[in-house]
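K.L.:
This one is data.cif, mmCIF, C-alpha atoms and all ligand atoms.
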```
data_model
#
loop_
_atom_site.label_atom_id
_atom_site.label_comp_id
_atom_site.auth_asym_id
_atom_site.auth_seq_id
_atom_site.Cartn_x
_atom_site.Cartn_y
_atom_site.Cartn_z
CA MET A 18 2.46 2.59 10.21
CA ILE A 19 4.06 4.46 7.32
CA VAL A 20 7.47 6.14 7.26
CA PRO A 21 8.43 8.35 4.28
CA LEU A 22 12.03 8.27 3.06
CA GLN A 23 12.03 11.11 0.51
CA ASP A 24 8.80 13.09 0.35
CA PRO A 25 6.26 13.82 3.07
CA THR A 26 2.93 12.02 3.15
CA PRO A 27 -0.30 13.01 4.94
CA PHE A 28 -0.37 9.46 6.33
CA SER A 29 2.71 9.85 8.50
CA PRO A 30 3.70 12.27 11.25
CA PHE A 31 7.37 11.95 10.29
CA PRO A 32 9.40 14.26 8.04
CA PRO A 33 11.46 12.27 5.51
CA GLU A 34 14.79 13.59 6.77
CA GLY A 35 14.13 12.05 10.19
CA TRP A 36 13.38 8.56 8.89
CA ARG A 37 15.89 6.71 11.08
CA ALA A 38 14.53 8.23 14.29
CA ALA A 39 11.03 7.60 12.94
CA LEU A 40 11.69 3.87 12.66
CA MET A 41 12.73 3.82 16.31
CA ARG A 42 9.51 5.58 17.36
CA VAL A 43 7.40 3.19 15.29
CA ALA A 44 9.04 0.21 16.99
CA GLU A 45 8.71 1.79 20.45
CA ALA A 46 5.00 2.36 19.86
CA GLY A 47 4.60 -1.41 19.50
CA PHE A 48 4.25 -1.83 15.74
CA GLU A 49 5.93 -4.98 14.39
CA ALA A 50 6.25 -3.93 10.78
CA VAL A 51 6.51 -0.74 8.78
CA GLU A 52 5.51 0.44 5.30
CA LEU A 53 8.03 2.74 3.63
CA ALA A 54 6.91 5.48 1.26
CA VAL A 55 9.64 5.69 -1.37
CA THR A 56 9.46 8.02 -4.36
CA ASP A 57 12.60 6.73 -6.09
CA PRO A 58 14.41 3.68 -4.69
CA ALA A 59 17.41 4.35 -6.97
CA GLU A 60 18.18 7.42 -4.88
CA ILE A 61 18.45 5.69 -1.53
CA ASP A 62 20.99 3.37 0.02
CA HIS A 63 19.28 -0.03 0.28
CA ASP A 64 21.84 -1.43 2.72
CA GLN A 65 21.38 1.53 5.01
CA VAL A 66 17.62 0.96 5.06
CA ALA A 67 18.08 -2.75 5.82
CA GLU A 68 20.52 -1.98 8.61
CA ALA A 69 18.22 0.63 10.19
CA LEU A 70 15.30 -1.81 10.16
CA ARG A 71 17.46 -4.52 11.74
CA GLU A 72 18.65 -2.13 14.43
CA VAL A 73 15.12 -1.36 15.64
CA GLY A 74 13.71 -4.83 14.98
CA LEU A 75 11.01 -3.82 12.48
CA ARG A 76 9.96 -5.95 9.54
CA LEU A 77 9.49 -4.19 6.20
CA SER A 78 5.97 -5.22 5.20
CA SER A 79 5.54 -3.09 2.11
CA LEU A 80 6.64 -0.26 -0.13
CA THR A 81 4.20 2.37 -1.28
CA THR A 82 4.95 3.80 -4.71
CA GLY A 83 2.29 6.46 -5.33
CA GLN A 84 4.52 9.44 -4.57
CA ALA A 85 6.13 8.98 -7.98
CA ALA A 86 2.71 9.62 -9.53
CA GLY A 87 1.96 12.73 -7.51
CA LYS A 88 5.44 14.23 -7.77
CA GLN A 89 6.67 13.12 -11.17
CA GLY A 90 3.52 12.31 -13.11
CA LEU A 91 4.51 8.68 -13.74
CA SER A 92 1.67 6.32 -14.65
CA LEU A 93 1.44 2.66 -15.64
CA ALA A 94 -1.65 3.43 -17.74
CA SER A 95 -0.36 6.54 -19.51
CA SER A 96 -0.56 6.80 -23.29
CA ASP A 97 2.66 8.82 -23.07
CA ASP A 98 5.21 6.05 -23.74
CA GLU A 99 7.97 7.81 -21.86
CA LEU A 100 5.92 8.26 -18.66
CA ARG A 101 4.68 4.68 -18.82
CA ALA A 102 8.16 3.26 -19.38
CA ARG A 103 9.48 5.28 -16.47
CA ALA A 104 6.62 4.05 -14.26
CA ILE A 105 7.49 0.43 -15.14
CA ARG A 106 11.17 1.00 -14.38
CA ARG A 107 10.18 2.66 -11.11
CA ILE A 108 8.17 -0.38 -10.01
CA GLN A 109 11.14 -2.57 -10.95
CA ASP A 110 13.36 -0.43 -8.70
CA HIS A 111 10.86 -0.90 -5.87
CA VAL A 112 10.95 -4.64 -6.50
CA ARG A 113 14.75 -4.58 -6.08
CA LEU A 114 14.39 -2.79 -2.73
CA ALA A 115 11.57 -5.07 -1.57
CA ARG A 116 13.14 -8.39 -2.50
CA PRO A 117 15.57 -9.04 0.39
CA HIS A 118 12.81 -8.20 2.88
CA GLY A 119 10.03 -10.26 1.34
CA ALA A 120 8.08 -6.98 1.23
CA VAL A 121 5.03 -6.35 -0.96
CA VAL A 122 5.20 -3.59 -3.60
CA ILE A 123 1.99 -1.57 -3.79
CA VAL A 124 0.43 -0.48 -7.07
CA GLY A 125 -1.90 2.29 -5.95
CA LEU A 126 -1.83 5.73 -7.52
CA LEU A 127 1.10 4.81 -9.77
CA ARG A 128 -1.42 3.11 -12.06
CA GLY A 129 -2.82 6.56 -12.81
CA ALA A 130 -5.97 8.43 -11.89
CA ASP A 131 -7.04 7.90 -15.46
CA GLY A 132 -5.54 6.26 -18.52
CA GLU A 133 -5.77 3.21 -20.75
CA PRO A 134 -6.84 -0.06 -19.07
CA GLU A 135 -5.14 -2.12 -21.81
CA LEU A 136 -1.85 -0.29 -21.33
CA LEU A 137 -2.13 -0.82 -17.58
CA MET A 138 -2.52 -4.53 -18.23
CA GLU A 139 0.61 -4.62 -20.40
CA SER A 140 2.57 -2.64 -17.81
CA LEU A 141 1.53 -5.00 -15.04
CA GLN A 142 2.60 -7.97 -17.14
CA GLU A 143 6.03 -6.43 -17.52
CA CYS A 144 6.27 -5.52 -13.83
CA THR A 145 5.27 -8.98 -12.60
CA ARG A 146 7.67 -10.73 -15.01
CA PHE A 147 10.62 -8.72 -13.71
CA ASP A 148 10.88 -10.81 -10.50
CA PRO A 149 8.17 -13.43 -9.94
CA GLY A 150 9.47 -13.82 -6.35
CA VAL A 151 8.22 -10.36 -5.31
CA LYS A 152 4.52 -9.78 -4.73
CA LEU A 153 2.78 -6.78 -6.29
CA ALA A 154 -0.47 -5.65 -4.67
CA LEU A 155 -2.99 -3.82 -6.83
CA GLU A 156 -5.04 -1.45 -4.69
CA PRO A 157 -8.66 -0.64 -5.54
CA LEU A 158 -8.92 3.13 -4.96
CA ASN A 159 -12.11 5.09 -4.48
CA ARG A 160 -13.66 6.86 -7.47
CA TYR A 161 -12.46 10.30 -6.38
CA GLU A 162 -8.81 9.21 -6.70
CA SER A 163 -8.82 6.96 -9.75
CA ARG A 164 -11.14 5.92 -12.52
CA LEU A 165 -9.20 2.67 -12.94
CA ILE A 166 -10.07 -0.19 -10.56
CA ASN A 167 -12.34 0.91 -7.73
CA THR A 168 -13.44 -2.45 -6.34
CA VAL A 169 -11.98 -5.82 -5.43
CA ALA A 170 -14.05 -7.41 -8.20
CA GLU A 171 -12.48 -5.07 -10.78
CA ALA A 172 -9.01 -5.72 -9.38
CA LEU A 173 -9.59 -9.48 -9.57
CA GLU A 174 -10.51 -9.20 -13.22
CA VAL A 175 -7.21 -7.44 -13.93
CA VAL A 176 -5.27 -9.96 -11.83
CA GLU A 177 -6.83 -12.80 -13.79
CA ARG A 178 -6.12 -11.20 -17.14
CA VAL A 179 -2.49 -10.44 -16.26
CA GLY A 180 -2.16 -14.08 -15.22
CA ALA A 181 0.85 -13.81 -12.89
CA ASP A 182 1.07 -15.61 -9.53
CA ASN A 183 2.82 -12.63 -7.95
CA LEU A 184 0.01 -10.16 -8.67
CA GLY A 185 -2.62 -9.81 -5.94
CA ILE A 186 -4.72 -7.27 -4.14
CA LEU A 187 -4.38 -4.64 -1.44
CA PHE A 188 -7.59 -4.18 0.53
CA ASP A 189 -7.83 -0.65 1.98
CA THR A 190 -10.78 -0.33 4.38
CA PHE A 191 -11.25 3.38 3.60
CA HIS A 192 -11.60 2.87 -0.15
CA ALA A 193 -13.71 -0.24 0.46
CA SER A 194 -16.12 1.70 2.67
CA ILE A 195 -16.86 3.96 -0.31
CA GLU A 196 -16.91 1.38 -3.10
CA GLU A 197 -17.80 -2.08 -1.77
CA ARG A 198 -21.27 -3.42 -1.06
CA ASP A 199 -20.07 -5.55 1.83
CA PHE A 200 -16.66 -5.89 3.52
CA ARG A 201 -16.97 -9.63 4.12
CA GLU A 202 -18.01 -10.32 0.56
CA ALA A 203 -15.07 -8.32 -0.82
CA VAL A 204 -12.48 -9.97 1.44
CA ARG A 205 -13.84 -13.44 0.67
CA ALA A 206 -13.74 -12.68 -3.06
CA ALA A 207 -10.07 -11.63 -2.79
CA GLY A 208 -9.27 -14.91 -0.99
CA ASP A 209 -5.70 -16.11 -1.44
CA ARG A 210 -5.04 -13.19 -3.81
CA LEU A 211 -5.15 -10.82 -0.85
CA PHE A 212 -1.53 -9.75 -0.41
CA HIS A 213 -1.81 -6.66 1.79
CA VAL A 214 -4.22 -4.60 3.95
CA HIS A 215 -4.45 -0.88 4.77
CA LEU A 216 -6.51 0.15 7.78
CA ALA A 217 -8.22 3.52 8.13
CA ASP A 218 -11.63 4.37 9.50
CA SER A 219 -14.70 5.70 7.62
CA ASN A 220 -13.36 9.28 7.79
CA ARG A 221 -9.79 8.11 7.09
CA TRP A 222 -8.96 8.75 10.74
CA VAL A 223 -7.05 6.31 12.93
CA PRO A 224 -9.05 3.04 13.21
CA GLY A 225 -11.46 3.25 16.12
CA HIS A 226 -12.25 6.95 15.53
CA GLY A 227 -14.90 6.50 12.85
CA HIS A 228 -17.68 4.02 12.27
CA LEU A 229 -16.25 1.12 10.26
CA PRO A 230 -17.03 -2.40 11.55
CA PHE A 231 -13.42 -3.55 12.01
CA PRO A 232 -14.34 -6.80 13.82
CA GLN A 233 -16.33 -7.73 10.71
CA VAL A 234 -13.31 -7.03 8.48
CA VAL A 235 -10.90 -8.90 10.74
CA GLY A 236 -13.32 -11.83 11.02
CA ALA A 237 -13.41 -12.04 7.23
CA LEU A 238 -9.59 -11.86 7.05
CA ALA A 239 -9.33 -14.71 9.57
CA GLY A 240 -11.88 -16.61 7.53
CA ILE A 241 -9.68 -16.59 4.41
CA GLY A 242 -6.54 -17.35 6.43
CA TYR A 243 -4.92 -13.97 5.68
CA ARG A 244 -1.37 -13.93 7.09
CA GLY A 245 -0.09 -10.61 5.71
CA ALA A 246 0.38 -7.28 7.45
CA LEU A 247 -2.25 -4.81 8.66
CA VAL A 248 -0.80 -1.36 8.01
CA VAL A 249 -2.46 1.75 9.44
CA GLU A 250 -2.71 4.25 6.59
CA SER A 251 -4.76 6.99 8.21
CA LEU A 252 -4.66 10.75 8.42
CA LEU A 253 -3.15 12.09 11.64
CA LYS A 254 -6.61 12.46 13.11
CA PRO A 255 -8.02 12.91 15.66
CA SER A 256 -4.33 13.49 16.58
CA PRO A 257 -0.90 12.09 15.73
CA SER A 258 -0.78 10.57 19.20
CA ALA A 259 -3.84 8.46 18.36
CA LEU A 260 -1.70 6.76 15.72
CA PHE A 261 1.02 5.94 18.25
CA GLU A 262 -1.58 4.59 20.66
CA PHE A 263 -3.07 2.26 18.07
CA PRO A 264 -0.97 -0.86 18.84
CA LYS A 265 -2.12 -0.76 22.47
CA LEU A 266 -5.77 -0.51 21.44
CA ALA A 267 -5.57 -2.74 18.37
CA THR A 268 -7.14 -5.82 19.94
CA GLN A 269 -10.03 -3.80 21.32
CA VAL A 270 -10.65 -1.91 18.05
CA LEU A 271 -10.15 -4.81 15.67
CA ALA A 272 -11.64 -7.70 17.62
CA GLY A 273 -14.50 -5.70 19.19
C1 LIG B 1 -2.61 4.52 -1.13
O1 LIG B 1 -2.44 3.34 -0.42
C2 LIG B 1 -3.96 5.05 -0.95
O2 LIG B 1 -4.78 4.47 -0.29
C3 LIG B 1 -4.28 6.31 -1.62
O3 LIG B 1 -5.58 6.71 -1.30
C4 LIG B 1 -3.29 7.39 -1.28
O4 LIG B 1 -3.76 8.62 -1.68
MN MN B 2 -4.23 2.62 0.80
#
```
Take the structure in the file and write it out as structure tokens.
Ligand code: LER
Ligand code: MN
P.N.:
Amino acid sequence: MIVPLQDPTPFSPFPPEGWRAALMRVAEAGFEAVELAVTDPAEIDHDQVAEALREVGLRLSSLTTGQAAGKQGLSLASSDDELRARAIRRIQDHVRLARPHGAVVIVGLLRGADGEPELLMESLQECTRFDPGVKLALEPLNRYESRLINTVAEALEVVERVGADNLGILFDTFHASIEERDFREAVRAAGDRLFHVHLADSNRWVPGHGHLPFPQVVGALAGIGYRGALVVESLLKPSPSALFEFPKLATQVLAG
């Protein structure tokens, strides 16, 4: 589940100002880990975040970074040097926040909806070099959100060209349902480069309320020995309560 710390997101029922109480509710619902949506890590108290997570017993699986694209126009593929440099520094700030938790830093919309693939490559090289001990997960996004990297195969090409061990892939079932030929094929292709997973159904509703074959996806994840987190990144549909009920139904929805 996702908790925003600074700006609201359509993927979370929580307002940013209530983030501490939100963590408690996430833990009470039965989730083991949480993804934090952080626009600018330099503006938050890292120790306070660590302490709040400890208090409720949640692991920090991941940081999502895309709000800095939507709100501030930052982009790792921008031909505007200033915006690109700020996007790189922003990822580095996320890496600092992620490090003590072993959390994955997501490169989703911060790569830009459009832009220069070569510049993106250079930016990723710089981001991965900053701290090789922190994993960055490049997320294939569907064609309506970005022109850059829509499939696992395209993401793998970038990962290979960047050539850093700490760059891998985020597999989001919603984007995959639009762009991939076959879930199993895509997961197998990602293999040990799969660093993170987002779950949402075909309509981007809570898993189990659309028509994606989750047992097929989970079978493929087991097949490659995936040990990372499964984070629900869905709209609050059919209702916010469906999101809170997910941990209780997870086995049924995911294993079939
Ligand atoms: C981010 O993880 C994502 O999946 C994007 O579609 C958010 O808009
Ligand atoms: Mn996603």
K.L.:
Hey, can you check how far CA of Val124 in chain A sits from CA of Ala154 in chain A?
P.N.:
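Separating CA of Val124 in chain A from CA of Ala154 in chain A is a distance of 5.8 Å.
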K.L.:
From the set A:Ile186, A:Ala246, A:Val66, A:Val112, which residue has the shortest atom-to-atom contact distance to Val204 in chain A, counting all atoms listed in the file?
P.N.:
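Counting all atoms listed in the file, the residue closest to Val204 in chain A is A:Ile186.
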K.L.:
Find the residues near Met18 in chain A: any atom within 6 Å, counting all atoms listed in the file, skip ones fewer than 2 places away on the same chain, and give them as a short mmCIF file (atom, residue, chain, number, x, y, z; two decimals) with C-alpha atoms, keeping the file's coordinate frame.
P.N.:
```cif
data_model
loop_
_atom_site.label_atom_id
_atom_site.label_comp_id
_atom_site.auth_asym_id
_atom_site.auth_seq_id
_atom_site.Cartn_x
_atom_site.Cartn_y
_atom_site.Cartn_z
CA VAL A 51 6.51 -0.74 8.78
CA VAL A 248 -0.80 -1.36 8.01
CA VAL A 249 -2.46 1.75 9.44
#
```
K.L.:
Residues of chain A within 8 Å of ligand MN 2 (chain B): nearest atom pair and distance (Å, one decimal) for each, counting all atoms listed in the file, sorted by chain and number, as a tab-separated table?
P.N.:
```
residue	atom	partner	partner_atom	distance
A:Gly125	CA	B:MN2	MN	7.1
A:Glu156	CA	B:MN2	MN	6.9
A:Leu158	CA	B:MN2	MN	7.4
A:Leu187	CA	B:MN2	MN	7.6
A:Phe188	CA	B:MN2	MN	7.6
A:Asp189	CA	B:MN2	MN	5.0
A:Phe191	CA	B:MN2	MN	7.6
A:His192	CA	B:MN2	MN	7.4
A:Val214	CA	B:MN2	MN	7.9
A:His215	CA	B:MN2	MN	5.3
A:Leu216	CA	B:MN2	MN	7.7
A:Glu250	CA	B:MN2	MN	6.2
```
K.L.:
Between CA of Gln233 in chain A and CA of Gly208 in chain A, what is the distance, to one decimal in Å?
P.N.:
15.4 Å
K.L.:
May I ask which of the residues A:Gly245, A:Gly240, A:Pro32, A:Pro230 is the closest one to Leu211 in chain A, counting only C-alpha atoms?
P.N.:
A:Gly245
K.L.:
Take CA of Ala206 in chain A and CA of Val175 in chain A and report the distance between them in Å, one decimal.
P.N.:
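Atom-to-atom, CA of Ala206 in chain A and CA of Val175 in chain A are spaced 13.7 Å apart.
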K.L.:
From the list A:Glu174, A:Ala267, A:Ser140, A:Leu127, which residue is nearest ligand LIG 1 (chain B) when using all atoms listed in the file?
P.N.:
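Residue with the minimum atom-to-atom distance to ligand LIG 1 (chain B): A:Leu127.
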K.L.:
Counting all atoms listed in the file, figure out which residue out of A:Ala207, A:Val223, A:Leu126, A:Ala181 gets nearest to Leu271 in chain A.
P.N.:
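The answer is A:Val223, which sits nearest to Leu271 in chain A.
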K.L.:
Which residue, A:Ala104, A:Ala115, A:Phe147, A:Arg71, has the smallest gap to Glu52 in chain A when you use all atoms listed in the file?
P.N.:
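Nearest to Glu52 in chain A: A:Ala115.
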K.L.:
Just the residues within 10 Å of Ala259 in chain A, please, counting all atoms listed in the file, with nothing from its chain fewer than 5 positions along; format it as a list in words.
P.N.:
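With the cut-off at 10 Å, the set is Trp222, Val223, Pro224, Gly225, His226, Leu253, Lys254, Pro264 and Leu266 of chain A.
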K.L.:
Please determine, counting all atoms listed in the file, which residue among A:Arg128, A:Arg178, A:Lys152, A:Arg205 has the shortest atom-to-atom distance to ligand LIG 1 (chain B).
P.N.:
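Ranked by minimum distance to ligand LIG 1 (chain B), first place goes to A:Arg128.
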K.L.:
Val121 in chain A: which residues within 9 Å, counting all atoms listed in the file, same-chain residues fewer than 3 positions away excluded, as JSON, numbers by chain?
P.N.:
{"A": [77, 78, 79, 80, 81, 112, 115, 116, 118, 151, 152, 153, 154, 212, 213]}
K.L.:
Taking all atoms of range 173-186 of chain A that appear in the file, build a box with edges along x, y and z, extend it by 5 Å on every side, and state its centre and edge lengths in Å to one decimal, as AutoDock Vina command-line options.
P.N.:
```
--center_x -3.8 --center_y -11.4 --center_z -10.6 --size_x 23.3 --size_y 18.3 --size_z 23.0
```
